[in-house]
>>> print(open('protein.txt').read())   # compact mmCIF, C-alpha atoms
# COMPACT_ATOMS: atom_id res chain seq x y z
CA MET L 139 45.61 -44.17 18.00
CA THR L 140 46.60 -40.99 16.15
CA GLY L 141 44.09 -41.85 13.41
CA LEU L 142 41.34 -42.07 16.01
CA TYR L 143 42.22 -38.63 17.37
CA LEU L 144 42.36 -37.18 13.87
CA GLY L 145 38.98 -38.74 13.08
CA LEU L 146 37.46 -37.40 16.30
CA GLY L 147 38.98 -33.99 15.60
CA ALA L 148 37.55 -33.94 12.07
CA VAL L 149 34.10 -35.00 13.30
CA SER L 150 34.26 -32.38 16.04
CA ALA L 151 35.26 -29.68 13.53
CA ILE L 152 32.39 -30.67 11.24
CA LEU L 153 29.90 -30.62 14.12
CA VAL L 154 31.12 -27.24 15.37
CA THR L 155 30.97 -25.81 11.84
CA ALA L 156 27.46 -27.23 11.34
CA ALA L 157 26.36 -25.73 14.67
CA ILE L 158 27.79 -22.32 13.74
CA LEU L 159 26.12 -22.40 10.33
CA PHE L 160 22.83 -23.57 11.86
CA ASN L 161 22.88 -20.68 14.34
CA LEU L 162 23.71 -18.24 11.55
CA LEU L 163 20.71 -19.47 9.55
CA VAL L 164 18.43 -19.30 12.60
CA GLY L 165 19.51 -15.69 13.18
CA LYS L 166 18.81 -14.73 9.58
CA ARG L 167 15.42 -16.49 9.60
CA ASN L 168 14.52 -14.61 12.81
CA MET L 169 15.49 -11.30 11.18
CA VAL L 170 13.07 -12.11 8.35
CA LYS L 171 10.32 -12.90 10.87
CA ASN L 172 11.05 -9.67 12.74
CA GLY L 173 10.98 -7.68 9.52
CA TRP L 174 7.65 -9.20 8.53
CA ALA L 175 6.19 -8.41 11.95
CA ASP L 176 7.19 -4.74 11.48
CA ILE L 177 5.51 -4.63 8.07
CA ASP L 178 2.41 -6.32 9.44
CA VAL L 179 2.08 -3.76 12.26
CA GLN L 180 2.24 -0.85 9.81
CA LEU L 181 -0.16 -2.47 7.34
CA LYS L 182 -2.65 -3.03 10.15
CA ARG L 183 -2.22 0.59 11.25
CA ARG L 184 -3.00 1.71 7.71
CA ALA L 185 -5.99 -0.63 7.58
CA ASP L 186 -7.28 0.92 10.81
CA LEU L 187 -6.92 4.45 9.40
CA ILE L 188 -8.80 3.73 6.19
CA PRO L 189 -12.32 3.34 7.67
CA GLN L 190 -11.86 6.61 9.56
CA LEU L 191 -10.79 8.32 6.36
CA VAL L 192 -13.76 6.85 4.47
CA THR L 193 -16.12 8.11 7.17
CA VAL L 194 -14.78 11.65 7.01
CA VAL L 195 -14.81 11.81 3.20
CA GLN L 196 -18.24 10.17 3.08
CA GLY L 197 -19.71 13.09 4.98
CA TYR L 198 -18.66 15.42 2.15
CA ALA L 199 -18.95 13.16 -0.90
CA SER L 200 -21.82 10.79 -0.21
CA HIS L 201 -22.36 10.20 -3.97
CA GLU L 202 -19.01 8.29 -4.12
CA ARG L 203 -20.66 5.18 -2.64
CA GLN L 204 -19.03 2.72 -5.09
CA LEU L 205 -15.58 4.08 -4.24
CA PHE L 206 -16.21 3.70 -0.50
CA GLU L 207 -17.39 0.12 -0.98
CA ASP L 208 -14.36 -0.64 -3.15
CA VAL L 209 -11.98 0.74 -0.51
CA ILE L 210 -13.56 -1.28 2.29
CA MET L 211 -13.74 -4.48 0.19
CA LYS L 212 -10.06 -4.25 -0.79
CA ARG L 213 -9.06 -3.33 2.77
CA ASN L 214 -10.77 -6.48 4.05
CA ALA L 215 -9.10 -8.58 1.35
CA ALA L 216 -5.70 -7.16 2.35
CA LEU L 217 -6.32 -8.01 6.00
CA GLN L 218 -7.33 -11.56 5.06
CA ALA L 219 -4.25 -12.15 2.88
CA GLY L 220 -2.30 -13.21 5.97
CA ASP L 221 1.47 -13.60 6.19
CA ASP L 222 2.21 -14.68 2.62
CA PRO L 223 4.32 -11.80 1.26
CA ASP L 224 3.30 -12.47 -2.35
CA ALA L 225 -0.45 -12.53 -1.63
CA ARG L 226 -0.19 -9.62 0.78
CA GLY L 227 1.74 -7.54 -1.74
CA ARG L 228 -0.91 -8.14 -4.42
CA THR L 229 -3.80 -7.24 -2.12
CA GLU L 230 -2.03 -4.19 -0.70
CA SER L 231 -1.31 -2.95 -4.24
CA ALA L 232 -4.98 -3.49 -5.13
CA LEU L 233 -5.98 -1.48 -2.05
CA ALA L 234 -3.68 1.41 -2.89
CA THR L 235 -5.57 2.33 -6.07
CA PRO L 236 -8.98 3.09 -4.51
CA VAL L 237 -7.33 4.77 -1.51
CA SER L 238 -5.48 7.07 -3.90
CA ARG L 239 -8.79 7.81 -5.64
CA LEU L 240 -10.33 8.52 -2.24
CA MET L 241 -7.59 11.02 -1.49
CA ALA L 242 -8.15 12.62 -4.91
CA VAL L 243 -11.86 13.08 -4.13
CA ALA L 244 -10.84 15.42 -1.34
CA GLU L 245 -9.39 17.81 -3.91
CA ASP L 246 -12.93 18.52 -5.13
CA TYR L 247 -14.13 19.59 -1.66
CA PRO L 248 -12.41 22.67 -0.22
CA ASP L 249 -14.28 22.27 3.08
CA LEU L 250 -13.00 18.70 3.39
CA LYS L 251 -9.43 19.75 2.60
CA ALA L 252 -9.71 22.25 5.46
CA ASN L 253 -11.25 19.73 7.88
CA GLU L 254 -8.82 19.19 10.76
CA ASN L 255 -9.82 15.55 11.23
CA PHE L 256 -9.24 14.87 7.53
CA LEU L 257 -5.86 16.61 7.61
CA ASP L 258 -4.83 14.61 10.68
CA LEU L 259 -5.87 11.35 9.02
CA GLN L 260 -4.11 12.32 5.80
CA ASN L 261 -0.94 13.10 7.75
CA GLU L 262 -1.13 9.83 9.70
CA LEU L 263 -1.63 7.88 6.49
CA SER L 264 1.37 9.58 4.92
CA GLU L 265 3.53 8.79 7.97
CA THR L 266 2.32 5.20 7.93
CA GLU L 267 3.22 4.84 4.25
CA ASN L 268 6.75 6.03 5.07
CA LYS L 269 6.99 3.51 7.92
CA ILE L 270 5.74 0.73 5.63
CA GLU L 271 8.46 1.63 3.13
CA MET L 272 11.16 1.54 5.83
CA ALA L 273 9.87 -1.77 7.22
CA ARG L 274 9.68 -3.23 3.69
CA ARG L 275 13.30 -2.28 3.02
CA PHE L 276 14.43 -3.86 6.28
CA TYR L 277 12.42 -7.02 5.61
CA ASN L 278 13.62 -7.35 2.01
CA GLY L 279 17.21 -6.86 3.19
CA ALA L 280 16.76 -9.62 5.75
CA VAL L 281 15.23 -11.88 3.08
CA ARG L 282 18.18 -11.15 0.77
CA GLU L 283 20.64 -12.11 3.50
CA LEU L 284 18.71 -15.29 4.35
CA ASN L 285 18.47 -16.28 0.69
CA THR L 286 22.19 -15.72 0.19
CA ALA L 287 22.99 -17.79 3.26
CA VAL L 288 20.63 -20.60 2.24
CA GLU L 289 22.13 -20.76 -1.27
CA SER L 290 25.81 -20.42 -0.29
CA PHE L 291 28.14 -23.34 0.26
CA PRO L 292 28.52 -24.87 2.85
CA ASN L 293 25.45 -23.20 4.40
CA ASN L 294 23.25 -24.87 1.80
CA LEU L 295 24.19 -28.28 3.18
CA VAL L 296 23.06 -27.32 6.69
CA ALA L 297 20.03 -25.43 5.33
CA GLY L 298 18.87 -28.46 3.36
CA LEU L 299 19.46 -30.80 6.27
CA PHE L 300 17.42 -28.67 8.70
CA GLY L 301 14.72 -27.43 6.31
CA PHE L 302 15.71 -23.78 5.96
CA ARG L 303 14.01 -22.24 2.92
CA GLN L 304 14.42 -19.05 0.98
CA GLY L 305 12.20 -16.14 1.94
CA HIS L 306 9.94 -14.18 -0.40
CA PHE L 307 10.40 -10.49 -0.98
CA PHE L 308 7.51 -8.15 -0.13
CA GLU L 309 6.73 -6.00 -3.11
CA ILE L 310 4.14 -3.27 -3.49
CA GLU L 311 3.89 -1.54 -6.84
CA MET L 312 5.42 1.86 -6.18
CA SER L 313 3.11 3.54 -8.70
CA ASP L 314 0.09 2.14 -6.84
CA ARG L 315 1.07 3.10 -3.31
CA ALA L 316 -1.55 4.97 -1.36
CA ALA L 317 0.76 7.68 -0.12
CA PRO L 318 -1.26 10.86 -0.15
CA SER L 319 0.24 14.12 -1.22
CA LEU L 320 0.02 16.92 1.28
CA ASP L 321 -0.60 20.42 0.04
CA LEU L 322 -0.04 22.45 3.17
CA GLY L 323 0.43 25.72 1.34
CA GLY L 324 -2.72 25.50 -0.76
CA GLU L 325 -6.22 26.77 -0.25
CA ALA L 326 -7.88 26.02 3.04
>>> encode(input="protein.txt", output="structure tokens")
Amino acid sequence: MTGLYLGLGAVSAILVTAAILFNLLVGKRNMVKNGWADIDVQLKRRADLIPQLVTVVQGYASHERQLFEDVIMKRNAALQAGDDPDARGRTESALATPVSRLMAVAEDYPDLKANENFLDLQNELSETENKIEMARRFYNGAVRELNTAVESFPNNLVAGLFGFRQGHFFEIEMSDRAAPSLDLGGEA
């Protein structure tokens, strides 16, 4: 009879441990989902700002037609990349280059640099870039924790049994980010 109780106790301990590990993995997976949702919101906000920025700059630099088309084409590609962090990171990096060029065009037009609407859009874009960076750090931290949990023993046994997978980091080339520089003390 003692053997039966020991066996039931061992099975119970294993089930409780499995349940605890399962819940831990669910929590970490939900943190990754939450982090991605935060990134997605900020990327959509940036995507919404870009056409407004193009419109304002277009009024001053209509000869930059190819640049405007490139910005809009890459913006649309970024929006269509979906929730795959790898694909989204590549398309967002590709978008950052023409947006940076668009911001540089403004340097050639003193009237544009002094335009209140342009300055507001430039400021909003800068704030959005900062929020994207914060959301990306949170998301990548959550992915790191999930990946560690999925790979660690005995979590990996529960993860494999219930189909938990490693997450993918969201990377944007820092040199290609579209963060505009603000020259508030310059000529206006």
>>> closest_residue(input="protein.txt", among="L:Val288, L:Ala273, L:Leu205, L:Val194", to="L:Gly301", atoms="only C-alpha atoms")
L:Val288
>>> closest_atom_pairs(input="protein.txt", of="stretch 268-322 of chain L", to="stretch 208-230 of chain L", cutoff="6 Å", atoms="all atoms listed in the file", output="CSV")
residue,atom,partner,partner_atom,distance
L:Phe308,CA,L:Pro223,CA,5.0
L:Glu309,CA,L:Gly227,CA,5.4
L:Ile310,CA,L:Gly227,CA,5.2
>>> residues_around(input="protein.txt", residues="L:Asp246", least_positions_apart="4", cutoff="12 Å", atoms="only C-alpha atoms", output="number ranges by chain")
L: 195, 198-199, 202, 239-242, 250-252, 325
>>> residues_around(input="protein.txt", residues="stretch 281-283 of chain L", least_positions_apart="5", cutoff="9 Å", atoms="all atoms listed in the file", output="number ranges by chain")
L: 166-167, 169-170, 173, 276, 288, 304-307
>>> residues_around(input="protein.txt", residues="stretch 262-270 of chain L", least_positions_apart="3", cutoff="7 Å", atoms="all atoms listed in the file", output="list in words")
Ile177, Gln180, Leu181, Arg184, Leu187, Asp258, Leu259, Ala273, Arg274, Ala317 and Pro318 of chain L
>>> closest_residue(input="protein.txt", among="L:Val154, L:Leu284, L:Asn253, L:Asn161", to="L:Gly197", atoms="all atoms listed in the file")
L:Asn253
>>> closest_residue(input="protein.txt", among="L:Asn285, L:Gly141, L:Trp174, L:Ser200", to="L:Tyr247", atoms="only C-alpha atoms")
L:Ser200
>>> atom_distance(input="protein.txt", atom1="atom CA of L:Val164", atom2="atom CA of L:Val149")
22.2 Å
>>> closest_residue(input="protein.txt", among="L:Leu163, L:Ala148, L:Leu153, L:Val296", to="L:Ala280", atoms="only C-alpha atoms")
L:Leu163
